[in-house]
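Asks: Below is the file final_3.pdb, which contains PDB, C-alpha atoms.
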```pdb
ATOM      1  CA  MET A 104     -77.478  -2.448 114.041
ATOM      2  CA  ASN A 105     -79.484  -1.031 111.130
ATOM      3  CA  ILE A 106     -80.157   2.366 109.611
ATOM      4  CA  ASP A 107     -82.801   3.144 112.246
ATOM      5  CA  ASP A 108     -80.100   2.977 114.924
ATOM      6  CA  ILE A 109     -78.005   5.763 113.368
ATOM      7  CA  LYS A 110     -78.194   8.972 115.401
ATOM      8  CA  PHE A 111     -78.471  11.750 112.837
ATOM      9  CA  ASP A 112     -77.908  15.255 114.205
ATOM     10  CA  GLU A 113     -80.442  18.103 114.347
ATOM     11  CA  ARG A 114     -79.908  18.671 110.606
ATOM     12  CA  GLY A 115     -80.550  14.996 109.883
ATOM     13  CA  LEU A 116     -76.881  14.337 109.070
ATOM     14  CA  ALA A 117     -74.108  12.030 110.224
ATOM     15  CA  PRO A 118     -70.410  12.152 109.244
ATOM     16  CA  ALA A 119     -69.264   9.379 106.921
ATOM     17  CA  ILE A 120     -65.591   8.410 106.842
ATOM     18  CA  VAL A 121     -64.727   6.733 103.537
ATOM     19  CA  GLN A 122     -61.831   4.276 103.634
ATOM     20  CA  ASP A 123     -60.101   2.231 100.917
ATOM     21  CA  ALA A 124     -60.976  -1.409 101.609
ATOM     22  CA  ARG A 125     -57.634  -2.590 100.201
ATOM     23  CA  THR A 126     -55.140  -0.172 101.739
ATOM     24  CA  ARG A 127     -57.181   1.072 104.750
ATOM     25  CA  ARG A 128     -56.255   4.629 103.772
ATOM     26  CA  VAL A 129     -58.857   7.255 104.680
ATOM     27  CA  LEU A 130     -60.064   8.765 101.412
ATOM     28  CA  MET A 131     -62.539  11.447 102.415
ATOM     29  CA  LEU A 132     -65.007  12.750 104.967
ATOM     30  CA  ALA A 133     -68.545  13.479 103.813
ATOM     31  CA  TYR A 134     -72.038  13.579 105.309
ATOM     32  CA  VAL A 135     -75.005  11.280 104.902
ATOM     33  CA  ASN A 136     -78.657  11.664 105.739
ATOM     34  CA  ARG A 137     -81.122   8.795 105.958
ATOM     35  CA  GLU A 138     -81.929   8.858 102.238
ATOM     36  CA  SER A 139     -78.334   8.984 101.005
ATOM     37  CA  LEU A 140     -77.312   6.202 103.378
ATOM     38  CA  GLN A 141     -80.251   4.103 102.199
ATOM     39  CA  ARG A 142     -79.272   4.674  98.553
ATOM     40  CA  THR A 143     -75.685   3.718  99.382
ATOM     41  CA  ILE A 144     -76.901   0.450 100.878
ATOM     42  CA  GLU A 145     -79.286  -0.290  98.007
ATOM     43  CA  THR A 146     -77.002   0.626  95.077
ATOM     44  CA  GLY A 147     -73.655  -0.524  96.466
ATOM     45  CA  GLU A 148     -72.113   2.847  95.577
ATOM     46  CA  THR A 149     -71.599   5.875  97.811
ATOM     47  CA  TRP A 150     -74.226   8.621  98.035
ATOM     48  CA  PHE A 151     -73.883  11.669 100.270
ATOM     49  CA  TRP A 152     -75.677  14.864 101.246
ATOM     50  CA  SER A 153     -74.095  18.099 100.007
ATOM     51  CA  ARG A 154     -74.314  20.715 102.747
ATOM     52  CA  SER A 155     -73.369  23.504 100.328
ATOM     53  CA  ARG A 156     -75.828  22.566  97.571
ATOM     54  CA  GLN A 157     -78.423  21.111  99.917
ATOM     55  CA  GLU A 158     -78.979  18.049  97.735
ATOM     56  CA  LEU A 159     -78.092  14.397  97.375
ATOM     57  CA  TRP A 160     -75.001  13.583  95.353
ATOM     58  CA  HIS A 161     -73.748  10.328  93.919
ATOM     59  CA  LYS A 162     -69.972  10.125  94.199
ATOM     60  CA  GLY A 163     -68.517   9.831  90.679
ATOM     61  CA  ALA A 164     -71.744  10.630  88.841
ATOM     62  CA  THR A 165     -69.940  13.251  86.730
ATOM     63  CA  SER A 166     -66.258  12.300  87.149
ATOM     64  CA  GLY A 167     -66.688   8.546  86.832
ATOM     65  CA  ASN A 168     -64.717   8.087  90.068
ATOM     66  CA  THR A 169     -67.341   5.974  91.798
ATOM     67  CA  GLN A 170     -66.795   4.028  94.999
ATOM     68  CA  GLN A 171     -67.933   0.407  95.248
ATOM     69  CA  VAL A 172     -69.105  -0.325  98.786
ATOM     70  CA  GLU A 173     -67.562  -3.298 100.586
ATOM     71  CA  SER A 174     -68.983  -2.694 104.067
ATOM     72  CA  ILE A 175     -70.613  -0.065 106.257
ATOM     73  CA  SER A 176     -70.237   0.111 110.025
ATOM     74  CA  ALA A 177     -71.227   2.563 112.729
ATOM     75  CA  ASP A 178     -69.133   3.797 115.631
ATOM     76  CA  CYS A 179     -69.868   2.874 119.247
ATOM     77  CA  ASP A 180     -72.255   5.817 119.691
ATOM     78  CA  GLY A 181     -74.032   5.270 116.395
ATOM     79  CA  ASP A 182     -73.506   8.884 115.330
ATOM     80  CA  ALA A 183     -70.875   8.328 112.602
ATOM     81  CA  VAL A 184     -70.388   5.709 109.907
ATOM     82  CA  LEU A 185     -67.339   4.144 108.299
ATOM     83  CA  VAL A 186     -67.786   3.188 104.639
ATOM     84  CA  SER A 187     -65.216   0.754 103.276
ATOM     85  CA  VAL A 188     -64.971   1.019  99.488
ATOM     86  CA  VAL A 189     -63.048  -0.017  96.403
ATOM     87  CA  PRO A 190     -62.469   3.321  94.644
ATOM     88  CA  GLN A 191     -62.721   3.572  90.865
ATOM     89  CA  GLY A 192     -60.377   6.546  90.670
ATOM     90  CA  PRO A 193     -59.227   9.352  92.975
ATOM     91  CA  ALA A 194     -61.487  10.424  95.823
ATOM     92  CA  CYS A 195     -60.468  14.084  95.855
ATOM     93  CA  HIS A 196     -61.683  16.683  93.350
ATOM     94  CA  THR A 197     -58.044  17.798  93.013
ATOM     95  CA  GLY A 198     -57.151  14.464  91.472
ATOM     96  CA  GLU A 199     -55.380  13.206  94.604
ATOM     97  CA  GLU A 200     -56.063   9.653  95.741
ATOM     98  CA  SER A 201     -57.227  10.916  99.131
ATOM     99  CA  CYS A 202     -58.546  14.276 100.297
ATOM    100  CA  PHE A 203     -56.064  14.004 103.194
ATOM    101  CA  PHE A 204     -52.810  14.819 101.415
ATOM    102  CA  ASN A 205     -51.741  17.980 103.275
ATOM    103  CA  SER A 206     -49.299  16.678 105.885
ATOM    104  CA  LEU A 207     -49.167  18.548 109.214
ATOM    105  CA  VAL A 208     -46.730  16.238 111.014
ATOM    106  CA  GLU A 209     -43.920  14.280 109.387
ATOM    107  CA  LYS A 210     -41.308  11.920 110.791
ATOM    108  CA  ASP A 211     -37.745  12.372 109.526
ATOM    109  CA  GLY A 212     -39.090  14.463 106.654
ATOM    110  CA  LEU A 213     -41.346  11.638 105.444
ATOM    111  CA  ALA A 214     -45.136  11.779 105.610
ATOM    112  CA  GLU A 215     -46.460   9.015 107.866
ATOM    113  CA  THR A 216     -48.469   6.302 106.141
ATOM    114  CA  ASP A 217     -49.595   2.949 107.462
ATOM    115  CA  LEU A 218     -47.918  -0.241 106.273
ATOM    116  CA  ALA A 219     -50.946  -1.403 104.282
ATOM    117  CA  THR A 220     -50.976   1.836 102.271
ATOM    118  CA  THR A 221     -47.225   1.670 101.666
ATOM    119  CA  LEU A 222     -47.407  -1.939 100.477
ATOM    120  CA  ALA A 223     -50.391  -1.205  98.227
ATOM    121  CA  ARG A 224     -48.595   1.731  96.590
ATOM    122  CA  LEU A 225     -45.423  -0.316  96.120
ATOM    123  CA  TYR A 226     -47.446  -3.183  94.643
ATOM    124  CA  GLU A 227     -49.037  -0.783  92.141
ATOM    125  CA  LEU A 228     -45.598   0.592  91.207
ATOM    126  CA  ILE A 229     -44.239  -2.923  90.684
ATOM    127  CA  GLU A 230     -47.239  -3.781  88.498
ATOM    128  CA  LEU A 231     -46.504  -0.646  86.455
ATOM    129  CA  ARG A 232     -42.854  -1.641  86.069
ATOM    130  CA  ARG A 233     -43.910  -5.085  84.871
ATOM    131  CA  ARG A 234     -46.191  -3.586  82.211
ATOM    132  CA  GLU A 235     -43.917  -0.788  80.991
ATOM    133  CA  ARG A 236     -40.435  -2.296  81.588
ATOM    134  CA  PRO A 237     -38.523   1.033  81.822
ATOM    135  CA  GLU A 238     -34.800   0.780  81.067
ATOM    136  CA  GLY A 239     -32.433   0.905  84.019
ATOM    137  CA  SER A 240     -35.069  -0.232  86.541
ATOM    138  CA  TYR A 241     -34.028  -3.026  88.918
ATOM    139  CA  THR A 242     -37.641  -4.240  88.960
ATOM    140  CA  THR A 243     -37.589  -4.445  85.166
ATOM    141  CA  TYR A 244     -34.377  -6.488  85.442
ATOM    142  CA  LEU A 245     -36.055  -8.972  87.786
ATOM    143  CA  PHE A 246     -39.059  -9.449  85.507
ATOM    144  CA  ASP A 247     -36.804  -9.789  82.452
ATOM    145  CA  GLN A 248     -34.771 -12.484  84.229
ATOM    146  CA  GLY A 249     -37.910 -14.422  85.106
ATOM    147  CA  LEU A 250     -39.338 -16.468  87.954
ATOM    148  CA  ASP A 251     -36.182 -18.375  88.897
ATOM    149  CA  LYS A 252     -34.259 -15.125  89.461
ATOM    150  CA  ILE A 253     -37.092 -13.665  91.529
ATOM    151  CA  LEU A 254     -37.287 -16.820  93.656
ATOM    152  CA  LYS A 255     -33.525 -16.760  94.179
ATOM    153  CA  LYS A 256     -33.693 -13.165  95.423
ATOM    154  CA  VAL A 257     -36.565 -13.994  97.797
ATOM    155  CA  GLY A 258     -34.461 -16.825  99.219
ATOM    156  CA  GLU A 259     -31.386 -14.611  99.582
ATOM    157  CA  GLU A 260     -33.317 -11.842 101.320
ATOM    158  CA  ALA A 261     -35.020 -14.341 103.633
ATOM    159  CA  THR A 262     -31.601 -15.720 104.637
ATOM    160  CA  GLU A 263     -30.195 -12.239 105.246
ATOM    161  CA  THR A 264     -33.234 -11.385 107.354
ATOM    162  CA  ILE A 265     -32.630 -14.485 109.485
ATOM    163  CA  VAL A 266     -28.936 -13.642 109.911
ATOM    164  CA  SER A 267     -29.736 -10.078 111.025
ATOM    165  CA  ALA A 268     -32.263 -11.372 113.557
ATOM    166  CA  LYS A 269     -29.792 -13.989 114.843
ATOM    167  CA  ASN A 270     -27.087 -11.348 115.234
ATOM    168  CA  GLU A 271     -29.491  -9.040 117.107
ATOM    169  CA  ASP A 272     -28.887  -6.383 114.443
ATOM    170  CA  ARG A 273     -32.078  -4.338 114.701
ATOM    171  CA  ALA A 274     -31.242  -1.849 111.927
ATOM    172  CA  GLY A 275     -30.077  -4.678 109.695
ATOM    173  CA  LEU A 276     -33.246  -6.631 110.426
ATOM    174  CA  VAL A 277     -35.402  -3.668 109.387
ATOM    175  CA  ASN A 278     -33.394  -3.204 106.178
ATOM    176  CA  GLU A 279     -33.323  -6.873 105.224
ATOM    177  CA  ALA A 280     -37.020  -7.374 106.075
ATOM    178  CA  SER A 281     -37.846  -4.405 103.854
ATOM    179  CA  ASP A 282     -35.849  -5.989 101.007
ATOM    180  CA  LEU A 283     -37.660  -9.272 101.609
ATOM    181  CA  LEU A 284     -41.078  -7.598 101.490
ATOM    182  CA  TYR A 285     -40.181  -5.834  98.236
ATOM    183  CA  HIS A 286     -39.036  -9.065  96.563
ATOM    184  CA  LEU A 287     -42.132 -10.878  97.856
ATOM    185  CA  LEU A 288     -44.288  -8.221  96.187
ATOM    186  CA  VAL A 289     -42.372  -8.734  92.934
ATOM    187  CA  LEU A 290     -43.091 -12.468  93.273
ATOM    188  CA  PHE A 291     -46.783 -11.782  93.941
ATOM    189  CA  VAL A 292     -47.063  -9.639  90.810
ATOM    190  CA  GLU A 293     -45.200 -12.239  88.761
ATOM    191  CA  ARG A 294     -47.531 -15.030  89.926
ATOM    192  CA  GLY A 295     -50.748 -12.985  89.895
ATOM    193  CA  VAL A 296     -51.292 -12.912  93.670
ATOM    194  CA  SER A 297     -52.948  -9.724  94.967
ATOM    195  CA  LEU A 298     -52.601  -8.148  98.397
ATOM    196  CA  SER A 299     -56.331  -8.734  98.797
ATOM    197  CA  ASP A 300     -55.708 -12.474  98.420
ATOM    198  CA  VAL A 301     -53.172 -12.390 101.242
ATOM    199  CA  ASN A 302     -55.334 -10.124 103.389
ATOM    200  CA  TYR A 303     -58.336 -12.450 102.984
ATOM    201  CA  GLU A 304     -56.267 -15.435 104.109
ATOM    202  CA  LEU A 305     -54.888 -13.582 107.141
ATOM    203  CA  VAL A 306     -58.342 -12.342 108.172
ATOM    204  CA  LYS A 307     -59.701 -15.879 107.839
ATOM    205  CA  ARG A 308     -56.917 -17.255 110.009
ATOM    206  CA  GLY A 309     -57.512 -14.535 112.598
ATOM    207  CA  LYS A 310     -61.194 -15.455 112.816
ATOM    208  CA  GLU A 311     -60.334 -19.142 113.162
ATOM    209  CA  ALA A 312     -57.828 -18.379 115.918
ATOM    210  CA  ARG A 313     -60.356 -16.288 117.855
ATOM    211  CA  ALA A 314     -62.971 -19.013 117.467
ATOM    212  CA  ARG A 315     -60.595 -21.546 119.045
ATOM    213  CA  SER A 316     -59.675 -19.312 121.989
TER     214      SER A 316
END
```
Could you spell out this file's structure in C-alpha cells?

Replies:
Amino acid sequence: MNIDDIKFDERGLAPAIVQDARTRRVLMLAYVNRESLQRTIETGETWFWSRSRQELWHKGATSGNTQQVESISADCDGDAVLVSVVPQGPACHTGEESCFFNSLVEKDGLAETDLATTLARLYELIELRRRERPEGSYTTYLFDQGLDKILKKVGEEATETIVSAKNEDRAGLVNEASDLLYHLLVLFVERGVSLSDVNYELVKRGKEARARS
C-alpha cells in the first residue's frame, strides 16, 4: 500500500492515530491530508492538518515536542492511518504524555493501562531512582548495594515465582511474578539493557517462529 491507496474523506482528510513505538500507548488523534502525510513520510517527523486553523502544522515546531516516525500503516479499509513514533516530549498541549488521560472506566479504582505502558513507566522511574538516589528508596538501596545484590534478588524472586506456580497459588504467582518483573527491570537499568532491546529480540523470534510454521 502507498499514499495513493489512502481513502481521504470529502474534505481530503483521514484520521491519524499516533502511538508510542516503545510503550504502544496511544498519544493523540489528529488528521492528515495528502500533503501532510507526504511531509511526514519525507521528513520522518509528524505533520498534520489543523481543521480549526485550516493549515498544515508540524508537531513540535513551537514546543520542541517533535515525534520521530518509526512506521506508518493503514487500516483494513485504507481510511485511517496509525503512526508509530518515538516522542521527544509530551504529546498533549496540557503537558500530559498522552491526550487520553481522562479516564471514563477504571478497574478497582485504578486506570487501566496495558502491560507495555506500565513496564515502560516503571523502567523510567527506576532509571530516575538510579540517577537521583533518593534516601529511603528500596530501588536506591539495590543500586547502592550493586550488581551482586540485584542478581541475588532476581534469583530469589524467580524461586518464589516457581514455588507459587507449583503450589497452584494464583494470587501468590501474580504477586511474585510482579516482584520478579520489577527486579528484572532494575537489572536491565543496571546493565544498560532497554525495553526496546528486549522487544526487538521478541519480535525477531516471533517472525522466525511464524516463518517455520

Asks: Translate the PyMOL selection byres ((chain A and resi 153) around 12) into a concrete residue list for this structure, as a PyMOL selection string.

Replies: chain A and resi 116-118+132-136+139+150-152+154-162

Asks: On this structure, the PyMOL selection byres ((chain A and resi 195-209) around 12) would catch which residues? List them as a PyMOL selection string, sorted by chain and number.

Replies: chain A and resi 120-123+126-133+162-163+165-170+189-194+210-216+220+224

Asks: Excluding range 281-283 of chain A and its own-chain neighbours fewer than 2 positions away, which residues fall within 7 Å of it when counting only C-alpha atoms? Please give them as number ranges by chain.

Replies: A: 257, 260-261, 277-279, 285-287

Asks: Okay, now the selection with C-alpha atoms, as an mmCIF file, in the frame of the given file?

Replies:
```
data_model
loop_
_atom_site.group_PDB
_atom_site.id
_atom_site.type_symbol
_atom_site.label_atom_id
_atom_site.label_comp_id
_atom_site.auth_asym_id
_atom_site.auth_seq_id
_atom_site.Cartn_x
_atom_site.Cartn_y
_atom_site.Cartn_z
ATOM 1 C CA VAL A 257 -36.565 -13.994 97.797
ATOM 2 C CA GLU A 260 -33.317 -11.842 101.320
ATOM 3 C CA ALA A 261 -35.020 -14.341 103.633
ATOM 4 C CA VAL A 277 -35.402 -3.668 109.387
ATOM 5 C CA ASN A 278 -33.394 -3.204 106.178
ATOM 6 C CA GLU A 279 -33.323 -6.873 105.224
ATOM 7 C CA TYR A 285 -40.181 -5.834 98.236
ATOM 8 C CA HIS A 286 -39.036 -9.065 96.563
ATOM 9 C CA LEU A 287 -42.132 -10.878 97.856
#
```

Asks: Take the PyMOL selection byres ((chain A and resi 144) around 12), apply it to the structure above, and return the hits as a PyMOL selection string.

Replies: chain A and resi 105-106+135+137-143+145-151+171-176+186-187

Asks: Tell me, counting all atoms listed in the file, for each residue of range 159-271 of chain A within 12 Å of range 300-305 of chain A, which pair of atoms is nearest and how far apart they are in Å to one decimal, in rows ordered by chain and increasing number, as JSON lines.

Replies:
```
{"residue": "A:Ala219", "atom": "CA", "partner": "A:Asn302", "partner_atom": "CA", "distance": 9.8}
{"residue": "A:Leu222", "atom": "CA", "partner": "A:Asn302", "partner_atom": "CA", "distance": 11.8}
{"residue": "A:Ala223", "atom": "CA", "partner": "A:Asn302", "partner_atom": "CA", "distance": 11.4}
```

Asks: Please, what distance in Å, to one decimal, runs between CA of Asp180 in chain A and CA of Glu311 in chain A?

Replies: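 Between CA of Asp180 in chain A and CA of Glu311 in chain A the gap is 28.4 Å.
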
Asks: Hey, can you check how far CA of Leu185 in chain A sits from CA of Phe111 in chain A?

Replies: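 Answer for the CA of Leu185 in chain A to CA of Phe111 in chain A separation: 14.2 Å.
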
Asks: Can you tell me, as a list in words, what residues are no more than 6 Å from range 264-270 of chain A when counting all atoms listed in the file, ignoring any on the same chain fewer than 4 positions away?

Replies: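 In the requested form, the answer reads Gly275, Leu276, Glu279 and Ala280 of chain A.
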
Asks: If you measure from CA of Glu113 in chain A to CA of Asp182 in chain A, what distance in Å do you get, rounded to one decimal?

Replies: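 Rounded to one decimal, the two atoms are 11.6 Å apart.
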
Asks: Might I get the box with edges along x, y and z of the file that holds all atoms of range 252-269 of chain A listed there, padded by 5 Å on every side, given as centre and edge lengths in Å to one decimal, as AutoDock Vina command-line options?

Replies:
```
--center_x -33.1 --center_y -13.5 --center_z 102.2 --size_x 18.4 --size_y 16.7 --size_z 35.4
```

Asks: I need range 271-296 of chain A from the structure I supplied, saved as a PDB file, in the first residue's frame with C-alpha atoms retained.

Replies:
```pdb
ATOM      1  CA  GLU A 271      -1.171 -23.571  42.410  1.00  0.00           C
ATOM      2  CA  ASP A 272      -1.289 -20.274  44.317  1.00  0.00           C
ATOM      3  CA  ARG A 273      -2.685 -17.937  41.667  1.00  0.00           C
ATOM      4  CA  ALA A 274      -2.625 -14.763  43.792  1.00  0.00           C
ATOM      5  CA  GLY A 275       0.857 -15.609  45.015  1.00  0.00           C
ATOM      6  CA  LEU A 276       2.007 -16.255  41.458  1.00  0.00           C
ATOM      7  CA  VAL A 277       0.765 -12.828  40.353  1.00  0.00           C
ATOM      8  CA  ASN A 278       2.488 -11.140  43.307  1.00  0.00           C
ATOM      9  CA  GLU A 279       5.780 -12.989  42.951  1.00  0.00           C
ATOM     10  CA  ALA A 280       5.845 -12.556  39.150  1.00  0.00           C
ATOM     11  CA  SER A 281       5.308  -8.829  39.651  1.00  0.00           C
ATOM     12  CA  ASP A 282       8.255  -8.740  42.082  1.00  0.00           C
ATOM     13  CA  LEU A 283      10.343 -10.675  39.568  1.00  0.00           C
ATOM     14  CA  LEU A 284       9.491  -8.257  36.752  1.00  0.00           C
ATOM     15  CA  TYR A 285      10.400  -5.275  38.940  1.00  0.00           C
ATOM     16  CA  HIS A 286      13.787  -6.747  39.892  1.00  0.00           C
ATOM     17  CA  LEU A 287      14.443  -7.692  36.257  1.00  0.00           C
ATOM     18  CA  LEU A 288      13.855  -4.058  35.288  1.00  0.00           C
ATOM     19  CA  VAL A 289      16.319  -2.960  37.979  1.00  0.00           C
ATOM     20  CA  LEU A 290      18.826  -5.415  36.475  1.00  0.00           C
ATOM     21  CA  PHE A 291      18.164  -4.072  32.967  1.00  0.00           C
ATOM     22  CA  VAL A 292      18.807  -0.497  34.096  1.00  0.00           C
ATOM     23  CA  GLU A 293      21.943  -1.558  35.956  1.00  0.00           C
ATOM     24  CA  ARG A 294      23.330  -3.347  32.880  1.00  0.00           C
ATOM     25  CA  GLY A 295      22.136  -0.812  30.297  1.00  0.00           C
ATOM     26  CA  VAL A 296      19.520  -3.036  28.634  1.00  0.00           C
TER      27      VAL A 296
END
```
